[in-house]
Amino acid sequence: MHKTTQVIIIFVIGLVFGALVLNLWSADTSLFKALLGLGWTALFLVGLFFADKNDRK
């Protein structure tokens, strides 16, 4: 399995965890929840960049 596929699967699992357990998509939002979502997406993009770079070698 490619590293990029693994990173995407981990990201989706994290989204489901955040939606069901942490209630990130609930109606009552806060700055903490917004920053948590942005941070998770930023980690995904960095991981995707390095995984793609590693797969090309």
# chains A, B, ... in the order shown; residues from 1 in each chain; ligands from 1
>>> residues_around(residues="A:Phe49", least_positions_apart="6", cutoff="12 Å", atoms="only C-alpha atoms", output="compact mmCIF listing (two decimals) with N, CA and C atoms, in the first residue's frame")
# COMPACT_ATOMS: atom_id res chain seq x y z
N LYS A 3 2.20 5.06 0.60
CA LYS A 3 2.18 5.93 1.79
C LYS A 3 1.06 6.97 1.69
N THR A 4 0.79 7.46 0.48
CA THR A 4 -0.26 8.46 0.33
C THR A 4 -1.63 7.88 0.69
N VAL A 7 -1.88 7.76 4.46
CA VAL A 7 -2.13 9.08 5.04
C VAL A 7 -3.59 9.47 4.87
N ILE A 8 -4.16 9.19 3.72
CA ILE A 8 -5.56 9.53 3.47
C ILE A 8 -6.49 8.72 4.37
N ALA A 42 -3.95 20.70 8.38
CA ALA A 42 -2.56 21.08 8.09
C ALA A 42 -1.63 19.89 8.22
N LEU A 43 -1.83 19.08 9.27
CA LEU A 43 -1.02 17.87 9.41
C LEU A 43 -1.25 16.90 8.26
N ASP A 55 7.07 8.46 -2.08
CA ASP A 55 6.61 7.47 -3.06
C ASP A 55 7.28 7.66 -4.41
N ARG A 56 7.68 8.86 -4.74
CA ARG A 56 8.30 9.12 -6.04
C ARG A 56 9.72 8.62 -6.13
>>> select_by_dssp(residues="chain A", states="helix (DSSP H, G or I)", output="ChimeraX atom specification")
/A:3-20,31-56
>>> write_last_selection(atoms="N, CA and C atoms", output="CSV table (one decimal), in the first residue's frame")
chain,number,residue,atom,x,y,z
A,3,LYS,N,2.2,5.1,0.6
A,3,LYS,CA,2.2,5.9,1.8
A,3,LYS,C,1.1,7.0,1.7
A,4,THR,N,0.8,7.5,0.5
A,4,THR,CA,-0.3,8.5,0.3
A,4,THR,C,-1.6,7.9,0.7
A,5,THR,N,-1.9,6.6,0.3
A,5,THR,CA,-3.1,6.0,0.7
A,5,THR,C,-3.2,5.8,2.2
A,6,GLN,N,-2.2,5.5,2.8
A,6,GLN,CA,-2.2,5.4,4.3
A,6,GLN,C,-2.5,6.7,5.0
A,7,VAL,N,-1.9,7.8,4.5
A,7,VAL,CA,-2.1,9.1,5.0
A,7,VAL,C,-3.6,9.5,4.9
A,8,ILE,N,-4.2,9.2,3.7
A,8,ILE,CA,-5.6,9.5,3.5
A,8,ILE,C,-6.5,8.7,4.4
A,9,ILE,N,-6.2,7.4,4.6
A,9,ILE,CA,-7.0,6.6,5.4
A,9,ILE,C,-6.9,7.1,6.9
A,10,ILE,N,-5.8,7.5,7.3
A,10,ILE,CA,-5.6,8.0,8.7
A,10,ILE,C,-6.4,9.3,8.8
A,11,PHE,N,-6.4,10.2,7.8
A,11,PHE,CA,-7.1,11.4,7.8
A,11,PHE,C,-8.6,11.2,7.9
A,12,VAL,N,-9.1,10.3,7.2
A,12,VAL,CA,-10.5,10.0,7.2
A,12,VAL,C,-11.0,9.4,8.5
A,13,ILE,N,-10.1,8.5,9.1
A,13,ILE,CA,-10.4,8.0,10.4
A,13,ILE,C,-10.4,9.1,11.5
A,14,GLY,N,-9.5,10.1,11.3
A,14,GLY,CA,-9.5,11.2,12.2
A,14,GLY,C,-10.7,12.1,12.1
A,15,LEU,N,-11.2,12.3,10.8
A,15,LEU,CA,-12.4,13.1,10.6
A,15,LEU,C,-13.6,12.4,11.3
A,16,VAL,N,-13.7,11.1,11.1
A,16,VAL,CA,-14.8,10.4,11.7
A,16,VAL,C,-14.7,10.5,13.2
A,17,PHE,N,-13.6,10.3,13.8
A,17,PHE,CA,-13.4,10.4,15.2
A,17,PHE,C,-13.7,11.8,15.7
A,18,GLY,N,-13.3,12.8,15.0
A,18,GLY,CA,-13.6,14.2,15.4
A,18,GLY,C,-15.1,14.5,15.3
A,19,ALA,N,-15.7,13.9,14.3
A,19,ALA,CA,-17.2,14.2,14.1
A,19,ALA,C,-18.0,13.5,15.2
A,20,LEU,N,-17.7,12.2,15.5
A,20,LEU,CA,-18.5,11.5,16.4
A,20,LEU,C,-18.1,11.6,17.9
A,31,LEU,N,-13.5,28.5,19.2
A,31,LEU,CA,-12.3,28.7,18.6
A,31,LEU,C,-11.4,27.5,18.7
A,32,PHE,N,-11.5,26.8,19.8
A,32,PHE,CA,-10.7,25.6,20.0
A,32,PHE,C,-11.0,24.5,18.9
A,33,LYS,N,-12.3,24.3,18.7
A,33,LYS,CA,-12.7,23.3,17.7
A,33,LYS,C,-12.3,23.7,16.3
A,34,ALA,N,-12.4,25.0,16.0
A,34,ALA,CA,-11.9,25.4,14.7
A,34,ALA,C,-10.4,25.3,14.5
A,35,LEU,N,-9.7,25.6,15.5
A,35,LEU,CA,-8.2,25.4,15.4
A,35,LEU,C,-7.8,24.0,15.4
A,36,LEU,N,-8.6,23.1,16.1
A,36,LEU,CA,-8.3,21.7,16.0
A,36,LEU,C,-8.5,21.1,14.6
A,37,GLY,N,-9.6,21.6,14.0
A,37,GLY,CA,-9.9,21.1,12.6
A,37,GLY,C,-8.8,21.7,11.6
A,38,LEU,N,-8.4,22.9,11.8
A,38,LEU,CA,-7.4,23.5,10.9
A,38,LEU,C,-6.1,22.8,11.1
A,39,GLY,N,-5.7,22.5,12.4
A,39,GLY,CA,-4.5,21.8,12.7
A,39,GLY,C,-4.4,20.4,12.1
A,40,TRP,N,-5.6,19.7,12.2
A,40,TRP,CA,-5.6,18.3,11.6
A,40,TRP,C,-5.5,18.3,10.1
A,41,THR,N,-6.1,19.3,9.5
A,41,THR,CA,-6.0,19.4,8.0
A,41,THR,C,-4.6,19.8,7.6
A,42,ALA,N,-3.9,20.7,8.4
A,42,ALA,CA,-2.6,21.1,8.1
A,42,ALA,C,-1.6,19.9,8.2
A,43,LEU,N,-1.8,19.1,9.3
A,43,LEU,CA,-1.0,17.9,9.4
A,43,LEU,C,-1.3,16.9,8.3
A,44,PHE,N,-2.5,16.8,7.8
A,44,PHE,CA,-2.8,16.0,6.6
A,44,PHE,C,-2.0,16.5,5.4
A,45,LEU,N,-2.1,17.7,5.2
A,45,LEU,CA,-1.4,18.3,4.0
A,45,LEU,C,0.1,18.1,4.0
A,46,VAL,N,0.7,18.3,5.2
A,46,VAL,CA,2.2,18.0,5.4
A,46,VAL,C,2.5,16.6,5.2
A,47,GLY,N,1.7,15.7,5.8
A,47,GLY,CA,1.9,14.3,5.6
A,47,GLY,C,1.7,13.8,4.2
A,48,LEU,N,0.7,14.4,3.5
A,48,LEU,CA,0.5,14.0,2.1
A,48,LEU,C,1.7,14.5,1.3
A,49,PHE,N,2.2,15.6,1.5
A,49,PHE,CA,3.4,16.1,0.8
A,49,PHE,C,4.6,15.2,0.9
A,50,PHE,N,4.9,14.9,2.2
A,50,PHE,CA,6.1,14.0,2.4
A,50,PHE,C,5.8,12.6,1.9
A,51,ALA,N,4.6,12.1,2.1
A,51,ALA,CA,4.3,10.7,1.6
A,51,ALA,C,4.5,10.6,0.1
A,52,ASP,N,4.0,11.7,-0.6
A,52,ASP,CA,4.1,11.7,-2.1
A,52,ASP,C,5.5,11.8,-2.5
A,53,LYS,N,6.3,12.7,-1.8
A,53,LYS,CA,7.7,12.8,-2.1
A,53,LYS,C,8.4,11.5,-1.9
A,54,ASN,N,8.1,10.7,-0.8
A,54,ASN,CA,8.7,9.5,-0.6
A,54,ASN,C,8.3,8.4,-1.6
A,55,ASP,N,7.1,8.5,-2.1
A,55,ASP,CA,6.6,7.5,-3.1
A,55,ASP,C,7.3,7.7,-4.4
A,56,ARG,N,7.7,8.9,-4.7
A,56,ARG,CA,8.3,9.1,-6.0
A,56,ARG,C,9.7,8.6,-6.1
